[in-house]
Structure formats: C-alpha cells, structure tokens
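This is data38.cif (mmCIF, C-alpha atoms).
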data_protein
#
loop_
_atom_site.label_atom_id
_atom_site.label_comp_id
_atom_site.auth_asym_id
_atom_site.auth_seq_id
_atom_site.Cartn_x
_atom_site.Cartn_y
_atom_site.Cartn_z
CA MET A 13 -32.56 -79.84 61.06
CA ASN A 14 -30.73 -81.17 64.10
CA PRO A 15 -28.88 -79.21 66.82
CA PHE A 16 -25.48 -79.68 65.13
CA ILE A 17 -26.65 -78.25 61.78
CA SER A 18 -28.42 -75.33 63.52
CA LEU A 19 -25.41 -74.57 65.72
CA GLY A 20 -22.94 -74.83 62.83
CA ILE A 21 -24.96 -72.45 60.65
CA ALA A 22 -25.51 -70.05 63.59
CA LEU A 23 -21.79 -69.94 64.39
CA ILE A 24 -20.60 -69.39 60.80
CA VAL A 25 -23.26 -66.78 59.95
CA GLY A 26 -22.74 -65.07 63.33
CA ILE A 27 -18.98 -64.70 62.78
CA LEU A 28 -19.54 -63.39 59.21
CA PHE A 29 -22.00 -60.76 60.45
CA GLY A 30 -19.60 -59.87 63.27
CA LYS A 31 -16.87 -59.22 60.68
CA LEU A 32 -19.32 -57.19 58.58
CA MET A 33 -20.24 -55.01 61.57
CA ASN A 34 -16.54 -54.44 62.30
CA ARG A 35 -16.16 -52.95 58.82
CA PHE A 36 -18.71 -50.31 59.82
CA LYS A 37 -16.84 -49.74 63.13
CA VAL A 38 -19.67 -51.47 65.04
CA PRO A 39 -18.86 -54.05 67.80
CA ALA A 40 -19.03 -57.67 66.58
CA VAL A 41 -21.64 -58.56 69.22
CA ALA A 42 -24.25 -56.46 67.37
CA GLY A 43 -23.51 -58.57 64.26
CA TYR A 44 -24.03 -61.80 66.21
CA ILE A 45 -27.43 -60.57 67.46
CA ILE A 46 -28.50 -59.48 63.93
CA ALA A 47 -27.38 -62.87 62.53
CA GLY A 48 -29.52 -64.53 65.20
CA LEU A 49 -32.52 -62.40 64.24
CA ILE A 50 -32.14 -63.47 60.59
CA LEU A 51 -31.69 -67.17 61.40
CA GLY A 52 -34.21 -67.42 64.24
CA THR A 53 -37.89 -66.80 65.00
CA SER A 54 -37.87 -63.41 63.28
CA GLY A 55 -36.24 -64.68 60.06
CA PHE A 56 -35.75 -68.04 58.34
CA ASN A 57 -36.51 -70.06 61.51
CA ILE A 58 -33.41 -72.23 60.95
CA VAL A 59 -32.66 -71.90 64.66
CA ASN A 60 -36.19 -72.39 66.03
CA SER A 61 -37.40 -72.51 69.64
CA GLU A 62 -36.96 -76.30 69.79
CA MET A 63 -33.30 -76.03 68.74
CA ILE A 64 -32.71 -73.14 71.17
CA GLU A 65 -34.07 -75.32 73.99
CA LYS A 66 -31.79 -78.22 72.99
CA LEU A 67 -28.79 -75.89 72.86
CA SER A 68 -29.63 -74.00 76.08
CA PHE A 69 -26.74 -75.73 77.91
CA LEU A 70 -24.35 -73.87 75.58
CA SER A 71 -25.76 -70.50 76.68
CA ASP A 72 -25.31 -71.47 80.35
CA PHE A 73 -21.71 -72.53 79.65
CA ALA A 74 -21.00 -69.26 77.78
CA LEU A 75 -22.35 -67.20 80.70
CA GLY A 76 -20.11 -69.22 83.03
CA ILE A 77 -17.04 -68.40 80.89
CA ILE A 78 -17.99 -64.70 80.73
CA ALA A 79 -18.45 -64.47 84.51
CA PHE A 80 -15.18 -66.40 85.07
CA ASN A 81 -13.39 -63.82 82.89
CA ILE A 82 -14.98 -60.97 84.87
CA GLY A 83 -13.50 -62.54 88.02
CA SER A 84 -10.07 -62.42 86.37
CA GLU A 85 -10.21 -58.61 86.40
CA LEU A 86 -11.13 -58.38 90.10
CA GLN A 87 -7.82 -58.83 91.86
CA ILE A 88 -7.66 -57.81 95.53
CA SER A 89 -5.67 -54.67 94.68
CA VAL A 90 -8.42 -53.60 92.21
CA ILE A 91 -11.21 -54.48 94.67
CA LYS A 92 -9.49 -52.46 97.43
CA LYS A 93 -9.15 -49.51 95.10
CA LEU A 94 -12.61 -49.67 93.51
CA GLY A 95 -14.59 -51.71 96.06
CA LYS A 96 -16.62 -48.84 97.48
CA SER A 97 -17.39 -47.25 94.11
CA ILE A 98 -18.38 -50.60 92.52
CA PHE A 99 -20.97 -51.35 95.22
CA VAL A 100 -22.31 -47.78 95.40
CA ILE A 101 -22.65 -47.42 91.60
CA ALA A 102 -24.21 -50.88 91.14
CA THR A 103 -26.76 -50.22 93.92
CA CYS A 104 -27.64 -46.75 92.59
CA GLU A 105 -28.03 -47.79 88.92
CA ALA A 106 -30.13 -50.89 89.75
CA LEU A 107 -32.39 -49.04 92.24
CA SER A 108 -32.73 -46.03 89.94
CA ALA A 109 -33.88 -48.18 86.99
CA PHE A 110 -36.27 -50.02 89.32
CA LEU A 111 -37.79 -46.80 90.69
CA PHE A 112 -38.10 -45.05 87.30
CA VAL A 113 -39.73 -48.02 85.55
CA THR A 114 -41.97 -48.87 88.52
CA ALA A 115 -43.21 -45.25 88.74
CA ILE A 116 -43.96 -44.82 85.00
CA THR A 117 -45.61 -48.27 84.74
CA TYR A 118 -47.85 -47.53 87.74
CA LEU A 119 -48.85 -44.15 86.25
CA LEU A 120 -49.81 -45.89 82.99
CA THR A 121 -51.49 -49.04 84.34
CA LYS A 122 -52.52 -48.17 87.92
CA ASN A 123 -51.50 -51.80 88.67
CA ILE A 124 -48.92 -52.05 91.48
CA SER A 125 -48.03 -55.72 90.74
CA THR A 126 -47.23 -55.07 87.06
CA ALA A 127 -45.26 -51.94 88.01
CA LEU A 128 -43.18 -53.75 90.66
CA ILE A 129 -42.31 -56.75 88.46
CA LEU A 130 -41.40 -54.68 85.39
CA GLY A 131 -39.36 -52.38 87.64
CA ALA A 132 -37.52 -55.34 89.20
CA VAL A 133 -36.71 -56.88 85.81
CA SER A 134 -35.46 -53.51 84.50
CA SER A 135 -32.76 -53.45 87.20
CA ALA A 136 -30.93 -56.37 85.55
CA THR A 137 -27.89 -55.72 83.36
CA ALA A 138 -26.47 -58.51 81.21
CA PRO A 139 -22.68 -58.58 81.61
CA ALA A 140 -22.03 -60.57 78.43
CA ALA A 141 -22.35 -57.84 75.78
CA THR A 142 -20.47 -55.27 77.89
CA VAL A 143 -17.57 -57.66 78.62
CA MET A 144 -17.43 -58.68 74.95
CA VAL A 145 -17.02 -55.05 73.79
CA LEU A 146 -14.37 -54.32 76.46
CA LYS A 147 -12.38 -57.38 75.34
CA GLU A 148 -12.81 -56.62 71.64
CA TYR A 149 -11.40 -53.10 72.07
CA ASN A 150 -8.78 -54.21 74.63
CA ALA A 151 -10.09 -51.57 77.05
CA LYS A 152 -8.01 -50.68 80.11
CA GLY A 153 -8.47 -47.98 82.73
CA PRO A 154 -10.64 -46.85 85.68
CA LEU A 155 -13.90 -46.84 83.68
CA THR A 156 -13.25 -50.37 82.36
CA SER A 157 -12.32 -51.78 85.79
CA THR A 158 -15.33 -50.15 87.46
CA LEU A 159 -17.66 -51.32 84.69
CA LEU A 160 -16.49 -54.93 85.04
CA GLY A 161 -17.04 -54.81 88.80
CA VAL A 162 -20.49 -53.22 88.46
CA VAL A 163 -21.81 -55.72 85.88
CA ALA A 164 -20.42 -58.55 88.04
CA ILE A 165 -22.39 -57.67 91.18
CA ASP A 166 -25.46 -56.24 89.42
CA ASP A 167 -26.82 -59.80 89.27
CA ALA A 168 -26.80 -60.07 93.09
CA ILE A 169 -28.55 -56.71 93.56
CA CYS A 170 -31.15 -57.57 90.91
CA LEU A 171 -31.86 -60.88 92.71
CA MET A 172 -32.56 -58.98 95.94
CA ILE A 173 -34.81 -56.40 94.21
CA TYR A 174 -36.75 -59.12 92.36
CA ALA A 175 -37.22 -61.23 95.52
CA ILE A 176 -38.77 -58.29 97.38
CA ALA A 177 -40.85 -57.01 94.42
CA SER A 178 -42.26 -60.45 93.49
CA SER A 179 -43.19 -61.19 97.12
CA VAL A 180 -45.13 -57.90 97.35
CA ALA A 181 -46.72 -58.48 93.90
CA LYS A 182 -47.94 -61.93 94.99
CA VAL A 183 -49.76 -60.31 97.93
CA PHE A 184 -51.84 -58.28 95.48
CA ILE A 185 -52.34 -61.04 92.88
CA LYS A 186 -52.40 -64.31 94.86
CA HIS A 187 -53.02 -62.84 98.32
CA GLU A 188 -49.90 -64.57 99.68
CA THR A 189 -48.32 -63.32 102.89
CA VAL A 190 -45.04 -61.40 102.84
CA THR A 191 -42.46 -63.08 105.07
CA LEU A 192 -38.97 -61.98 106.06
CA TYR A 193 -37.66 -65.32 104.75
CA LYS A 194 -39.08 -64.76 101.25
CA ILE A 195 -37.97 -61.16 100.77
CA LEU A 196 -34.65 -61.10 102.61
CA ILE A 197 -33.26 -64.35 104.07
CA HIS A 198 -33.80 -66.56 100.99
CA PRO A 199 -32.18 -64.19 98.42
CA ILE A 200 -29.24 -63.48 100.78
CA MET A 201 -28.75 -67.24 101.30
CA GLU A 202 -28.82 -67.72 97.51
CA ILE A 203 -26.18 -65.03 96.96
CA VAL A 204 -23.91 -66.23 99.82
CA SER A 205 -24.27 -69.90 98.76
CA SER A 206 -23.42 -68.99 95.14
CA ILE A 207 -20.24 -67.18 96.20
CA LEU A 208 -19.24 -69.99 98.61
CA VAL A 209 -19.61 -72.67 95.91
CA GLY A 210 -17.43 -70.57 93.60
CA LEU A 211 -14.79 -70.07 96.31
CA VAL A 212 -14.60 -73.79 97.23
CA LEU A 213 -14.35 -74.92 93.59
CA GLY A 214 -11.85 -72.10 93.00
CA ILE A 215 -9.52 -73.52 95.68
CA ILE A 216 -9.75 -76.99 94.07
CA LEU A 217 -9.13 -75.49 90.62
CA THR A 218 -6.09 -73.57 91.91
CA TYR A 219 -4.51 -76.92 92.84
CA LEU A 220 -5.44 -78.46 89.47
CA VAL A 221 -3.93 -75.47 87.64
CA LYS A 222 -0.75 -75.86 89.71
CA ILE A 223 -0.27 -79.53 88.76
CA SER A 224 -1.05 -78.89 85.05
CA LYS A 225 2.26 -78.88 83.23
CA LYS A 226 0.82 -79.01 79.69
CA GLU A 227 -1.73 -76.76 77.95
CA GLY A 228 -3.58 -79.94 77.00
CA GLU A 229 -4.28 -80.55 80.72
CA LEU A 230 -4.91 -76.99 81.85
CA LEU A 231 -7.83 -76.13 79.55
CA PRO A 232 -9.82 -79.34 80.23
CA PHE A 233 -9.45 -78.76 83.99
CA ILE A 234 -10.75 -75.18 83.75
CA THR A 235 -13.60 -75.87 81.32
CA GLY A 236 -14.56 -78.99 83.27
CA MET A 237 -14.71 -76.94 86.48
CA ILE A 238 -16.84 -74.21 84.85
CA ILE A 239 -19.25 -76.86 83.48
CA LEU A 240 -19.41 -78.56 86.91
CA LEU A 241 -20.02 -75.22 88.62
CA VAL A 242 -22.84 -74.22 86.22
CA GLY A 243 -24.39 -77.66 86.76
CA ILE A 244 -24.28 -77.32 90.57
CA ALA A 245 -25.71 -73.79 90.38
CA THR A 246 -28.58 -74.93 88.13
CA LYS A 247 -29.31 -77.99 90.27
CA PHE A 248 -29.51 -76.05 93.55
CA HIS A 249 -31.10 -72.86 92.13
CA LEU A 250 -28.04 -70.69 92.72
CA SER A 251 -26.70 -67.90 90.49
CA PRO A 252 -24.30 -69.34 87.86
CA LEU A 253 -22.96 -65.81 87.25
CA LEU A 254 -22.00 -65.24 90.89
CA CYS A 255 -20.57 -68.77 91.23
CA ALA A 256 -18.36 -68.41 88.13
CA MET A 257 -17.30 -64.89 89.09
CA ALA A 258 -16.17 -66.13 92.52
CA LEU A 259 -14.27 -68.97 90.79
CA GLY A 260 -12.46 -66.42 88.61
CA ILE A 261 -11.65 -64.16 91.57
CA VAL A 262 -10.02 -67.08 93.47
CA ILE A 263 -7.84 -68.00 90.46
CA ALA A 264 -6.91 -64.34 89.85
CA ASN A 265 -5.81 -63.84 93.46
CA ILE A 266 -4.42 -67.20 94.61
CA SER A 267 -3.03 -69.03 91.58
CA SER A 268 0.55 -68.27 90.57
CA ASN A 269 -0.39 -69.41 87.03
CA ASN A 270 -3.44 -67.15 86.75
CA ARG A 271 -2.38 -65.45 83.50
CA ARG A 272 -1.77 -68.80 81.83
CA ALA A 273 -5.16 -70.05 83.06
CA PHE A 274 -7.15 -67.08 81.79
CA SER A 275 -5.35 -66.82 78.45
CA SER A 276 -6.04 -70.52 77.73
CA VAL A 277 -9.77 -69.97 78.36
CA GLU A 278 -9.77 -66.81 76.22
CA SER A 279 -8.25 -68.64 73.24
CA PHE A 280 -10.91 -71.35 73.51
CA SER A 281 -14.00 -69.27 74.35
CA SER A 282 -14.57 -67.07 71.28
CA PRO A 283 -16.71 -69.56 69.25
CA ILE A 284 -18.81 -70.40 72.33
CA ILE A 285 -19.48 -66.72 73.09
CA ALA A 286 -20.25 -65.98 69.41
CA ALA A 287 -22.72 -68.92 69.42
CA PHE A 288 -24.25 -67.61 72.69
CA PHE A 289 -25.07 -64.18 71.20
CA THR A 290 -26.30 -65.62 67.89
CA LEU A 291 -28.61 -68.01 69.77
CA ALA A 292 -29.75 -65.12 72.00
CA GLY A 293 -30.63 -63.13 68.87
CA SER A 294 -32.49 -66.08 67.34
CA ARG A 295 -34.75 -66.20 70.43
CA LEU A 296 -35.96 -62.63 69.84
CA ASP A 297 -39.15 -62.02 67.87
CA ILE A 298 -39.40 -58.76 65.89
CA SER A 299 -43.16 -59.32 65.43
CA LEU A 300 -43.55 -58.53 69.16
CA LEU A 301 -42.35 -54.93 68.66
CA PRO A 302 -45.75 -53.54 67.54
CA HIS A 303 -47.43 -55.22 70.54
CA ILE A 304 -45.39 -53.62 73.32
CA GLY A 305 -47.41 -50.42 73.17
CA ILE A 306 -46.83 -47.34 75.31
CA ILE A 307 -45.82 -49.46 78.35
CA GLY A 308 -43.01 -51.12 76.39
CA VAL A 309 -41.76 -47.83 74.93
CA CYS A 310 -41.76 -46.19 78.37
CA TYR A 311 -40.06 -49.27 79.88
CA LEU A 312 -37.23 -48.92 77.35
CA ILE A 313 -36.80 -45.14 77.73
CA PHE A 314 -37.11 -44.96 81.53
CA ARG A 315 -34.83 -47.98 82.06
CA ILE A 316 -32.10 -46.24 80.05
CA ILE A 317 -32.65 -42.96 81.95
CA GLY A 318 -32.60 -44.82 85.28
CA LYS A 319 -29.39 -46.73 84.46
CA VAL A 320 -27.45 -43.71 83.14
CA LEU A 321 -28.63 -41.26 85.81
CA GLY A 322 -28.35 -43.76 88.70
CA ALA A 323 -24.83 -44.82 87.70
CA SER A 324 -23.69 -41.18 87.48
CA ILE A 325 -25.20 -40.38 90.89
CA GLY A 326 -23.45 -43.46 92.31
CA GLY A 327 -20.17 -42.25 90.80
CA ILE A 328 -20.62 -38.83 92.43
CA ILE A 329 -21.47 -40.37 95.85
CA ALA A 330 -18.44 -42.69 95.65
CA ASP A 331 -16.21 -39.84 94.43
CA SER A 332 -15.13 -41.88 91.39
CA PRO A 333 -12.82 -40.53 88.66
CA LYS A 334 -14.43 -38.04 86.25
CA VAL A 335 -14.59 -40.52 83.33
CA VAL A 336 -16.47 -43.00 85.54
CA LYS A 337 -19.05 -40.42 86.66
CA LYS A 338 -19.57 -39.30 83.07
CA TYR A 339 -19.69 -42.54 81.09
CA ILE A 340 -20.34 -45.52 83.42
CA GLY A 341 -24.11 -45.64 82.74
CA PHE A 342 -23.62 -46.15 78.99
CA GLY A 343 -22.01 -49.55 79.60
CA LEU A 344 -25.07 -50.88 81.46
CA LEU A 345 -27.80 -50.86 78.82
CA SER A 346 -27.65 -54.45 77.49
CA GLN A 347 -30.25 -56.83 78.90
CA VAL A 348 -30.18 -60.22 77.17
CA GLY A 349 -29.44 -63.29 79.33
CA VAL A 350 -30.19 -62.44 82.97
CA ALA A 351 -33.35 -60.45 82.16
CA VAL A 352 -34.69 -63.10 79.76
CA GLY A 353 -34.07 -65.68 82.49
CA LEU A 354 -35.99 -63.50 84.95
CA ALA A 355 -38.84 -63.11 82.44
CA ILE A 356 -39.14 -66.91 82.25
CA VAL A 357 -39.24 -67.04 86.08
CA VAL A 358 -41.98 -64.36 86.09
CA ASN A 359 -43.97 -66.32 83.49
CA ARG A 360 -43.75 -69.42 85.71
CA GLU A 361 -44.48 -67.68 89.03
CA PHE A 362 -47.41 -65.66 87.66
CA SER A 363 -48.71 -68.28 85.19
CA ASN A 364 -52.38 -67.65 85.99
CA SER A 365 -52.23 -63.90 85.36
CA GLU A 366 -51.54 -61.71 82.32
CA LEU A 367 -48.42 -60.39 84.03
CA GLY A 368 -46.13 -63.22 82.85
CA SER A 369 -46.95 -62.87 79.14
CA LEU A 370 -46.78 -59.05 79.35
CA VAL A 371 -43.29 -59.12 80.91
CA ILE A 372 -41.98 -61.69 78.37
CA THR A 373 -43.42 -59.70 75.43
CA ILE A 374 -41.94 -56.39 76.62
CA LEU A 375 -38.56 -57.91 77.48
CA LEU A 376 -38.08 -59.94 74.32
CA ALA A 377 -39.15 -56.97 72.18
CA THR A 378 -37.08 -54.27 73.91
CA THR A 379 -34.04 -56.58 74.14
CA ILE A 380 -33.79 -56.42 70.32
CA ILE A 381 -33.11 -52.69 70.70
CA THR A 382 -30.91 -52.80 73.84
CA GLU A 383 -28.69 -55.55 72.40
CA ILE A 384 -27.85 -53.41 69.37
CA VAL A 385 -27.78 -50.01 71.13
CA GLY A 386 -25.99 -51.36 74.27
CA PRO A 387 -22.71 -52.46 72.62
CA LEU A 388 -22.60 -49.22 70.59
CA ALA A 389 -23.07 -47.17 73.77
CA THR A 390 -20.33 -49.15 75.58
CA LYS A 391 -17.95 -48.68 72.64
CA SER A 392 -18.67 -44.93 72.57
CA ALA A 393 -18.09 -44.65 76.34
CA ILE A 394 -14.67 -46.37 76.35
CA ILE A 395 -13.52 -44.39 73.28
CA LYS A 396 -14.55 -41.06 74.85
CA ALA A 397 -12.84 -42.12 78.09
CA LYS A 398 -9.69 -42.88 76.00
CA GLU A 399 -9.58 -46.46 77.33
CA ALA A 400 -10.02 -48.30 74.00
CA HIS A 401 -6.81 -49.64 72.48
CA LEU A 402 -7.61 -50.55 68.88
#
Starting from the coordinates I provided, produce the structure as structure tokens.
Amino acid sequence: MNPFISLGIALIVGILFGKLMNRFKVPAVAGYIIAGLILGTSGFNIVNSEMIEKLSFLSDFALGIIAFNIGSELQISVIKKLGKSIFVIATCEALSAFLFVTAITYLLTKNISTALILGAVSSATAPAATVMVLKEYNAKGPLTSTLLGVVAIDDAICLMIYAIASSVAKVFIKHETVTLYKILIHPIMEIVSSILVGLVLGIILTYLVKISKKEGELLPFITGMIILLVGIATKFHLSPLLCAMALGIVIANISSNNRRAFSSVESFSSPIIAAFFTLAGSRLDISLLPHIGIIGVCYLIFRIIGKVLGASIGGIIADSPKVVKKYIGFGLLSQVGVAVGLAIVVNREFSNSELGSLVITILLATTIITEIVGPLATKSAIIKAKEAHL
C-alpha cells in the first residue's frame, strides 16, 4: 500500500457508503465515517495509522475549506442580527458541557486533574459534520445561521477553557505554577493572532479574486490561499479553523465576486471533505469501546446533556427565536477533528501520567458514537425547524 492507493480506496468506498446511507434517509457523513471504520484500524486496516499520518495534510486542508465556507455565511448583516445570540449560546453550551463532565468525572475518580482535562475536551464541537449536513440538506433559516455561527466560534471558547483547565491540572500533576500569561494572555493572543492572519490574507485574496477573470484562475488562487493559511497557522501554533473562518468572512463581506468565489470552492471541495471524514473514521478503533468503562459512558451522556441544555439556556438568555432555543443543542454533538487534536495535545503535555492515554481512549471510542449520532441529530433538528430544503 502507498498513500495514493489508500486514499483512492477510501474516497471511492466513502462515497459509495454515503450514497447507501442516503437511501436510508441518513446523512452521507455517517456513511463516510462507517466506510472509514471498515477500511481503517477497526476493519481491514487498508488505511492504517502510517497512511493516516502521511495523509494528515489532507485533513488540515479539508478543515480549512470547511471553516472558509462557514465564514461565507457570516456576512455583517447576519452577524449584526445574530451576533449576541451566537456568542451567548456558544459560551453557554461550551461551559455547560465542561461543568457537567468535570463534575461527573470528579465524582467518579476523585481526581481533579482528570476531571478538568476531560471537561475541557468535552467543550469542543467539531464544525465539519454539522456544516456537511446543513449543506447536504440545503438548510436555510435562523437555526441554520445561528448554528453556523456557534460552531465557528466554539473553537475559540474551547481553546480558552482548555488553556485554563490544563494550567490548573499541571499544578496538581507536575506542580507547575499557574500564571496569568498561561491561562489568559497566551490563549487570547492565539485567538487574536489567528483572526488577524485570516483578515490580512483575506484582503490579499479579495484583490486576487477581483483580478481573476477566468474560473481556471479563481480556484487556484483560493485553494492556494487556504493551503498557505493552514501552513502559517500550523507553523506558528495558531488555530487553522479561526484563520480560515476569518478569511471567509472577509471575502463574504468585501469581495464583489464573493458568490463566484464560494461556489467555485464548493464545486471542488466535495471529494476532499468526503476523504476527510473517511480518514477520520479510519482513525477510530472500535476495540477501545469496551475499555472506556463507566467514565467513558458518563463522559458521553453528560457531554450531550451539557451541550443540549447549555445551548437552550443560551438561546433563552439571548432571546433567540423559538426554533433556536428548542433545537440548537442537537447540532453540536459531533466531536471528531478539534477534539481528537486536543486529545493528541493532552497526550503530549501529560506524557508521563495516565491522563493522556485515558483521554485519547475515551475520545476515540466515544467519537465513534458521536460521529454517527451527531449528523442524525442535526438532520432531525433542521427538519423539525422546517429549514431543510430537500
């Protein structure tokens, strides 16, 4: 096997399973994940961990495209209308998941470090699966707009929660000192720097879009800029999601050719996003499920409760439309991508303790469930809100 053979098989099998799931009225993304499970560690091992590592750049590129597309939905008029509710709901759902999971984990383990880290990781929502379902069902309306905004900024809030929780956890495990720089200044600088990089590159891209007269020029400019942006973010330890989202927001609000720009990316991106989910599924190991124990089961249940309840409370505080208050939480259950990235960070930062392996085991095991349940819950929410246009 080489990366080309693995990727080719993953893409073809992923698309076939996506079509199969559609026949059963299930979002295609669930089919991609199942195809990955069959091809990867849990199945025939065609796409093994070595191949996943070699193809990791593709996943980063796919996340960049997804975040860029989220930015396309956040025009100034939408931000003005939904700005308050987006920030309130995102803060409430992330904090609620953190508090619920931290509390139940502490009750079960009596270990504050484990409780804080698992709680922090639980606050993350992966935008990819949610955005994919919204696009697939051509969803439009207040719930859809709010959901896109919430998943876009959830990454920033999760970064802040994790920075504070990991700093406190290190005090108990490594006896490090808590500093204002570690828990507040550094994460804020990371978030602001990520947005600034996206804004600057967005202004350059706006000019490049303007001078592109042919489709053959436009798409290479946009994809080249997304690849450059992801590279800069990775090099300087910034958030690729926030960078790419800011890039998309600039194009959506400044460029006179914004529709042409986004439609060209959309026509090109479907195989990359299908490959992203299939590769994400191939990373997951079903054999871990029996090992998660009561902590893993409680993590899964209390994270879902925290997300759904917190999002609804946020909707009530922000006085959002009724459909948003009622259904917003069901679009926030998916966790692949950002959370798996955080688990790898935890494993590195707490390499000399059992915490790293525990977090990775729980996350990779529960993600199997959230990545199949999450898209179904999002689909159900937009259908009940009458925002799906099939």
Quick one: of A:Val162, A:Cys104, A:Ile58, A:Ile45, who's nearest to Ile17 of chain A, counting all atoms listed in the file?
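Closest candidate: A:Ile58.
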Atomic distance atom CA of Ile207 of chain A - atom CA of Val113 of chain A, expressed in Å with one decimal:
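Spanning atom CA of Ile207 of chain A to atom CA of Val113 of chain A is a straight-line distance of 29.3 Å.
Under the PyMOL selection byres ((chain A and resi 52) around 9), the matching residues in the shown file are A:Ala47, A:Gly48, A:Leu49, A:Ile50, A:Leu51, A:Thr53, A:Ser54, A:Gly55, A:Phe56, A:Asn57, A:Ile58, A:Val59, A:Asn60, A:Ser61, A:Thr290, A:Leu291, A:Gly293, A:Ser294, A:Arg295, A:Leu296, A:Asp297.
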Q) Restricting the calculation to all atoms listed in the file, which member of A:Leu19, A:Leu160, A:Ala245, A:Leu370 is positioned closest to Leu213 of chain A? A)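 Under the stated criterion, the closest residue is A:Ala245.
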- request: Please provide the set of residues having any atom within 12 Å of Ile173 of chain A, restricted to all atoms listed in the file, with same-chain residues fewer than 2 positions apart removed, written as number ranges by chain.
  value: A: 103, 106-111, 114, 128-136, 166-171, 175-180, 194-196, 199-200, 354
If you take all atoms listed in the file and a cut-off of 12 Å, which residues of segment 284-349 of chain A touch segment 381-393 of chain A, and what are their nearest atom pairs and distances in Å to one decimal, in chain and number order, as a Markdown table?
| residue | atom | partner | partner_atom | distance |
| --- | --- | --- | --- | --- |
| A:Phe289 | CA | A:Glu383 | CA | 9.4 |
| A:Thr290 | CA | A:Glu383 | CA | 11.3 |
| A:Ala292 | CA | A:Glu383 | CA | 9.6 |
| A:Gly293 | CA | A:Glu383 | CA | 8.6 |
| A:Leu296 | CA | A:Ile381 | CA | 10.4 |
| A:Asp297 | CA | A:Ile381 | CA | 11.5 |
| A:Ile298 | CA | A:Ile381 | CA | 10.0 |
| A:Leu301 | CA | A:Ile381 | CA | 9.7 |
| A:Gly308 | CA | A:Ile381 | CA | 11.5 |
| A:Val309 | CA | A:Ile381 | CA | 10.8 |
| A:Tyr311 | CA | A:Thr382 | CA | 11.5 |
| A:Leu312 | CA | A:Thr382 | CA | 8.2 |
| A:Ile313 | CA | A:Thr382 | CA | 10.4 |
| A:Arg315 | CA | A:Thr382 | CA | 10.3 |
| A:Ile316 | CA | A:Thr382 | CA | 9.1 |
| A:Lys319 | CA | A:Gly386 | CA | 11.7 |
| A:Val320 | CA | A:Ala389 | CA | 10.9 |
| A:Val335 | CA | A:Ala393 | CA | 8.8 |
| A:Val336 | CA | A:Ala393 | CA | 9.5 |
| A:Lys337 | CA | A:Ala393 | CA | 11.2 |
| A:Lys338 | CA | A:Ala393 | CA | 8.7 |
| A:Tyr339 | CA | A:Ala393 | CA | 5.4 |
| A:Ile340 | CA | A:Ala393 | CA | 7.5 |
| A:Gly341 | CA | A:Thr390 | CA | 8.8 |
| A:Phe342 | CA | A:Ala389 | CA | 5.3 |
| A:Gly343 | CA | A:Thr390 | CA | 4.4 |
| A:Leu344 | CA | A:Gly386 | CA | 7.3 |
| A:Leu345 | CA | A:Gly386 | CA | 4.9 |
| A:Ser346 | CA | A:Gly386 | CA | 4.8 |
| A:Gln347 | CA | A:Thr382 | CA | 6.5 |
| A:Val348 | CA | A:Glu383 | CA | 6.8 |
| A:Gly349 | CA | A:Glu383 | CA | 10.4 |
Could you check the closest approach to Ala397 of chain A for each of A:Pro154, A:Ile307, A:Phe248, A:Ala141 and tell me which residue wins, using only C-alpha atoms?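 Nearest to Ala397 of chain A: A:Pro154.
Of note, atom CA of Phe99 of chain A and atom CA of Thr246 of chain A are spaced 25.8 Å apart.
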task = To one decimal in Å, tell me the separation between atom CA of Ala151 of chain A and atom CA of Ala400 of chain A.
result =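 One can read the atom CA of Ala151 of chain A to atom CA of Ala400 of chain A distance as 4.5 Å.
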- [ ] List, as JSON, numbers by chain, every residue that the PyMOL selection byres ((chain A and resi 205) around 12) selects in the file provided.
- [x] {"A": [168, 197, 198, 199, 200, 201, 202, 203, 204, 206, 207, 208, 209, 210, 211, 212, 244, 245, 248, 249, 250, 251, 252, 254, 255, 258]}
Of A:Thr121, A:Asn150, A:Ser324, A:Ser157, the one nearest to Ile395 of chain A when counting only C-alpha atoms is A:Asn150
Practice item. Specify as a PyMOL selection string each residue included when the PyMOL selection byres ((chain A and resi 218) around 8) is applied to this file. Key: chain A and resi 214-217+219-222+262-263+266-267
Using all atoms listed in the file, collect all residues at a distance of at most 12 Å from (-53.9, -54.1, 90.5) as written in the file, then present them as a list in words. Thr117, Tyr118, Leu119, Leu120, Thr121, Lys122, Asn123, Ile124, Ser125, Thr126, Ala127, Leu128, Val180, Ala181, Lys182, Val183, Phe184, Ile185, Lys186, His187, Ser365, Glu366 and Leu367 of chain A
task = Identify which of the residues A:Ser68, A:Asn81, A:Thr189, A:Ser18 lies closest to Met257 of chain A, counting all atoms listed in the file when measuring atom-to-atom distances.
result =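 Smallest distance to Met257 of chain A is found for A:Asn81.
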Nearest to Leu75 of chain A, restricted to only C-alpha atoms and choosing among A:Gly161, A:Lys92, A:Ile239, A:Ile116, comes out as A:Ile239
Residues within 8 Å of segment 275-288 of chain A, only C-alpha atoms, excluding chain neighbours under 2 positions, as an NGL selection string
:A and (19 or 22-23 or 26-27 or 41 or 44 or 70-71 or 74 or 77 or 227 or 230-231 or 234-235 or 271-273 or 290-292)
*asked:* So that I can check the surroundings of Leu402 of chain A, please list as a PyMOL selection string every protein, DNA and RNA residue that reaches within 12 Å of it, counting all atoms listed in the file and ignoring chain neighbours fewer than 2 positions away.
replied: chain A and resi 34+37+39+145-152+391+394-395+398-400
